[in-house]
Amino acid sequence: MATVTEKERGAQTHPDVRKYAEVNTDILQMLSRPGKWWWILLGMSIAGIGLLAFSWGNQIINGIGLSGLNSPVGWGAYITTFVFWVGIAHSGTLISAILFLFRARWRQSIYRAAEAMTVFAVMTAGLFPLIHLGRVWHAYWLFPYPNQRLLWPNFRSPLVWDVFAVSTYFTVSSLFFLLGLIPDIAAARDQTKKGTLRNRFYHLLSFGWRGTDRQWHHFAKAYLLLAALATPLVLSVHSVVSWDFAMAIVPGWHATIFAPYFVAGAIFSGVAMVITLMVPIRKVFGLEKYLTIRHFDAMAKLCLVTGLIVFYAYLTEFFMAWYSGEDPERRVFWNRLFGHYWWATWIMLTCNGLIPILLWFKRVRHSIPALFVITIFINIGMWFERYVIIVTSLSHEYMPFAWAVYRPSFTEMGIVIGTFGWFAFWFLLFIRLLPPVAISEIKEVLPPPMRPKPRSKEEVSS
Amino acid sequence: MHDIHVPSDVQARYLNPSRITTFVLLAMFGAGALAFLVLLASDADRAWQAYVANWLFFTGIAQGAVILCAATVITKAKWNWSVRRVSLAFGAFLPVAYLLMLPMLRLRESYFPWIEKMEYDPIVQLKEAYLNIPFLISRSLIGTAILFTLTLIFMYWMLRPDLGAERAADEEGHSGRASWRERLSGNWLGQEAEEQRAWQKLKVLAPALALVYAVVMSMLAIDWAMSLEPHWFSMLFPGWFFMTAFWGGIAATVVAMVLLKRKSAYFNEHMGPQQKHDLGKLTFAFSIFWAYLFFSQYIVIWYGKLPWEQEWIIHRSGAEWGPLALTAIILCFIVPFAGLIGRKPKLNPTWLGSIAAIALLGVWLERWLLIAPSLHEAGTPTITLWEPLIGLGFLGIFALTIRWFLATFPTIQIWQPPQEPEMLDREVAPREAGAGV
């Protein structure tokens, strides 16, 4: 079967995968009967959803006063976590769309899981505007629709832009996700028994895929088109989220660098989250052949680059705050470093600025346990980044009499923790129901099966 | 997903400079220098503004093109194998740029309004630790020295494996400028060892260069453009400045590639559809990125409506500067966007080259707009023939240095980065021994 030499094989993306059939078997076995650990994790995630439902229900019944939100800090842990999850959602589209356009082959093994993560992270982020509303039954007021008194949402409000940006992103990333799945679901469909529930589910989602030449042709066209459409979205969504802050003239928020800085931060945290999730998946399902060290190395480098952009933005922020000569601006940044929330700022700087320095070393990039630990720190750091931006600025605006300290309440913490359960729940279902690694695309980078060719002169001499 | 084909038997070829072009470029340089001197006598302030704007433009794209080369080293790109040296060649302007910067360091009150304001303006006084002449001069001298030196070291290692004697001569017997080749290839270790060593160095140098680029270019942006309105500050401004320079480097590579393609069949063959298409895509994408950064900065200022922030935008809009600012946006964004969308226009070299040249014109105008409106006196003209004329002088010496480089060293990089040793590591031992063949 194999037509390549051992040396050539070493240069390939998946040196240890030898046959096309192997890919199907290895990936589809992930969809078979789950083990004990999966059930334990699912139980934990359902408990998380319970916590979310309880805390949120309690807040709906008794009012938003249960949160720590008050004047002047009207945005606290909720918006922090909203931005955190929107950020996490970025790597999926980056890996599937931008890396696709850049012809980065290492994306093949990870993009499916990253896309799924994107969709679920947007679903998680989408909860927060609702949670934050207080009177959640009025949520539909955010959408522009003709009503009896011709009242429209204020289109100049970045919060309305957010509704559009996030819902567009959700639509496109789900479409992208489902489209890429079609050939693989068809492979899964063909492996299941006819008439079972699973088979029907796959039947529905594979849209009659038979793998004909014509279907592949259309598939490739649609994929390229969606990739090109999704690329600007990677930039636009988090830019709009950043403008929720930057449009306001709150010191520490009103910064022109926010849009690219947030986008870089989003990709930074998103890639870190992909690594965090991929390490256990690789271990549990024995996917060492598909997720090689090389894939982790490449993701770590992506983390490093975006992390450097974020760190550049931190330094620019501090320098410009000083350079501005504006008293409130200077004080806010001084307050960040040495004020009431100094610990949050230093956690942010340590996790996002100092710890990623380790990624410069190849030995660290090639150590899966080290990457796992580092990316967890990055995730923590990126949550605190948003916390620092939101809370320190609001608690310390222009008027000293209006300064106050904000502490998240138990309800808020319950909701924040609960959303991790909500996210994990969907992700756990995903790895058991849909092929979590792209079967057809891995085959694209494997050497095609061909009849063994007779030894040529060159090969003999080498 | 297709493999990029890199032919294994690329011959060394050198740009064959024609006397007429040399004469034209020298004449351009002379005309520019003369224009500068004449304007210096009549309106010194304006002459210096034009000088600094042109310096920022040409230094920026020279440095940006080398960064494009470094970026493709970092990402181990193969597609640009035949135009990598062309991007690298722009670095040849940097030693000249350093010399051209020296007279700029003698500028005082006429160029930096903050010197005068330091005496009475309390906000400017708060910035004194940064805005003072000794620090300005020393950071300009040291910062650019570090950046340019690092660039030259990077260029040296990019070049060195191609300087071995056995590969130097081309079919017609040209061998570049032998003295330079000998000077730069001392202690030759043999082709393979040289390539390995160069690659080891480049892997470290390229990321370091990218970092230093971001820092030093940010500093230049703050010092020579942003500080001209001492109350104004924008956190995105330095980033916007160096990303525009990077994009300028891409567009400049495109223009150079198109000119080389016309020069000989050899260049035309190797700089083929792959290179045209990919460079076209990058020109297109970074034009959108330019617009994104511009808009990100604009909308925050527009929405915030703070007097000290608006000032900068107001100085660049309105009856006097508005049309020019609009022209810059059209040249930097609308034209490349509309002109390069789709596959076909990127593959037509004349079209691609013209669009890239228009984009460069836009960047040039943008650089002028970063400086002149801040120092403008009402009633004087916004742009005259003098500024492009001085630009022509810069273009002359800029093109001369690059042409010298391409005529001295092989125009197409012959050596290619080796297959990564780490790529050959195997994690899982092969189960079936001998299954390879």
# chains A, B, ... in the order shown; residues from 1 in each chain; ligands from 1

call {"tool": "residues_around", "arguments": {"residues": "region 406-413 of chain B", "least_positions_apart": "5", "cutoff": "8 Å", "atoms": "only C-alpha atoms", "output": "PyMOL selection string"}}
result
chain B and resi 12-17+81-86+89+159+162-163+168+176-177+180-181

call {"tool": "write_last_selection", "arguments": {"atoms": "C-alpha atoms", "output": "compact mmCIF listing (two decimals), in the first residue's frame"}}
result
# COMPACT_ATOMS: atom_id res chain seq x y z
CA ALA B 12 22.40 31.85 -10.12
CA ARG B 13 21.37 34.90 -12.12
CA TYR B 14 22.04 38.53 -11.52
CA LEU B 15 20.15 41.60 -12.45
CA ASN B 16 21.86 43.18 -15.39
CA PRO B 17 21.60 46.89 -14.74
CA TRP B 81 11.00 30.94 -2.81
CA SER B 82 11.63 32.94 -5.96
CA VAL B 83 10.65 36.35 -4.63
CA ARG B 84 12.16 36.00 -1.16
CA ARG B 85 15.38 37.62 -2.30
CA VAL B 86 13.46 40.43 -3.91
CA ALA B 89 16.83 43.38 -1.34
CA LEU B 159 22.40 35.50 1.60
CA ASP B 162 24.31 31.46 -1.97
CA LEU B 163 27.76 33.00 -2.00
CA ALA B 168 28.34 31.86 -8.28
CA GLY B 176 27.84 39.32 -9.57
CA ARG B 177 30.38 41.46 -7.83
CA TRP B 180 31.44 41.37 -2.22
CA ARG B 181 30.88 37.70 -2.54

call {"tool": "closest_residue", "arguments": {"among": "B:Gly186, B:Pro95, B:Gly249, B:Gly342", "to": "chain A", "atoms": "only C-alpha atoms"}}
result
B:Gly342

call {"tool": "atom_distance", "arguments": {"atom1": "CA of Gly50 (chain A)", "atom2": "CA of Ala424 (chain A)"}}
result
13.0 Å

call {"tool": "residues_around", "arguments": {"residues": "region 105-108 of chain B", "least_positions_apart": "2", "cutoff": "9 Å", "atoms": "only C-alpha atoms", "output": "list in words"}}
result
Trp48, Met101, Leu102, Pro103, Ser110, Tyr111, Phe112, Pro113, Ile115, Ile133, Leu136, Ile137, Ser140 and Leu141 of chain B

call {"tool": "write_last_selection", "arguments": {"atoms": "N, CA and C atoms", "output": "PDB file, in the first residue's frame"}}
result
ATOM      1  N   TRP B  48      11.661  70.407   5.266  1.00  0.00           N
ATOM      2  CA  TRP B  48      11.954  69.361   6.249  1.00  0.00           C
ATOM      3  C   TRP B  48      10.770  68.427   6.453  1.00  0.00           C
ATOM      4  N   MET B 101      18.863  59.865   8.082  1.00  0.00           N
ATOM      5  CA  MET B 101      18.169  60.277   9.301  1.00  0.00           C
ATOM      6  C   MET B 101      18.971  61.323  10.082  1.00  0.00           C
ATOM      7  N   LEU B 102      20.278  61.268   9.951  1.00  0.00           N
ATOM      8  CA  LEU B 102      21.110  62.131  10.790  1.00  0.00           C
ATOM      9  C   LEU B 102      20.749  63.615  10.695  1.00  0.00           C
ATOM     10  N   PRO B 103      20.565  64.172   9.487  1.00  0.00           N
ATOM     11  CA  PRO B 103      20.187  65.603   9.461  1.00  0.00           C
ATOM     12  C   PRO B 103      18.837  65.873  10.126  1.00  0.00           C
ATOM     13  N   SER B 110      11.014  74.250  14.790  1.00  0.00           N
ATOM     14  CA  SER B 110      10.262  74.358  13.538  1.00  0.00           C
ATOM     15  C   SER B 110       9.526  73.062  13.238  1.00  0.00           C
ATOM     16  N   TYR B 111      10.015  71.949  13.748  1.00  0.00           N
ATOM     17  CA  TYR B 111       9.352  70.681  13.458  1.00  0.00           C
ATOM     18  C   TYR B 111       8.590  70.141  14.660  1.00  0.00           C
ATOM     19  N   PHE B 112       9.138  70.299  15.853  1.00  0.00           N
ATOM     20  CA  PHE B 112       8.502  69.736  17.047  1.00  0.00           C
ATOM     21  C   PHE B 112       7.809  70.835  17.845  1.00  0.00           C
ATOM     22  N   PRO B 113       6.488  70.957  17.713  1.00  0.00           N
ATOM     23  CA  PRO B 113       5.802  72.045  18.422  1.00  0.00           C
ATOM     24  C   PRO B 113       5.895  71.914  19.934  1.00  0.00           C
ATOM     25  N   ILE B 115       8.376  71.545  21.778  1.00  0.00           N
ATOM     26  CA  ILE B 115       9.522  72.224  22.413  1.00  0.00           C
ATOM     27  C   ILE B 115       9.085  73.579  22.957  1.00  0.00           C
ATOM     28  N   ILE B 133      14.701  66.720  23.890  1.00  0.00           N
ATOM     29  CA  ILE B 133      15.580  66.546  22.730  1.00  0.00           C
ATOM     30  C   ILE B 133      16.700  65.526  22.961  1.00  0.00           C
ATOM     31  N   LEU B 136      15.206  62.159  22.643  1.00  0.00           N
ATOM     32  CA  LEU B 136      14.739  61.930  21.269  1.00  0.00           C
ATOM     33  C   LEU B 136      15.912  61.527  20.380  1.00  0.00           C
ATOM     34  N   ILE B 137      16.988  62.301  20.497  1.00  0.00           N
ATOM     35  CA  ILE B 137      18.144  62.027  19.630  1.00  0.00           C
ATOM     36  C   ILE B 137      18.747  60.679  19.963  1.00  0.00           C
ATOM     37  N   SER B 140      16.493  57.795  18.902  1.00  0.00           N
ATOM     38  CA  SER B 140      16.456  57.630  17.445  1.00  0.00           C
ATOM     39  C   SER B 140      17.726  56.967  16.954  1.00  0.00           C
ATOM     40  N   LEU B 141      18.866  57.449  17.455  1.00  0.00           N
ATOM     41  CA  LEU B 141      20.145  56.896  17.002  1.00  0.00           C
ATOM     42  C   LEU B 141      20.278  55.429  17.385  1.00  0.00           C
TER      43      LEU B 141
END
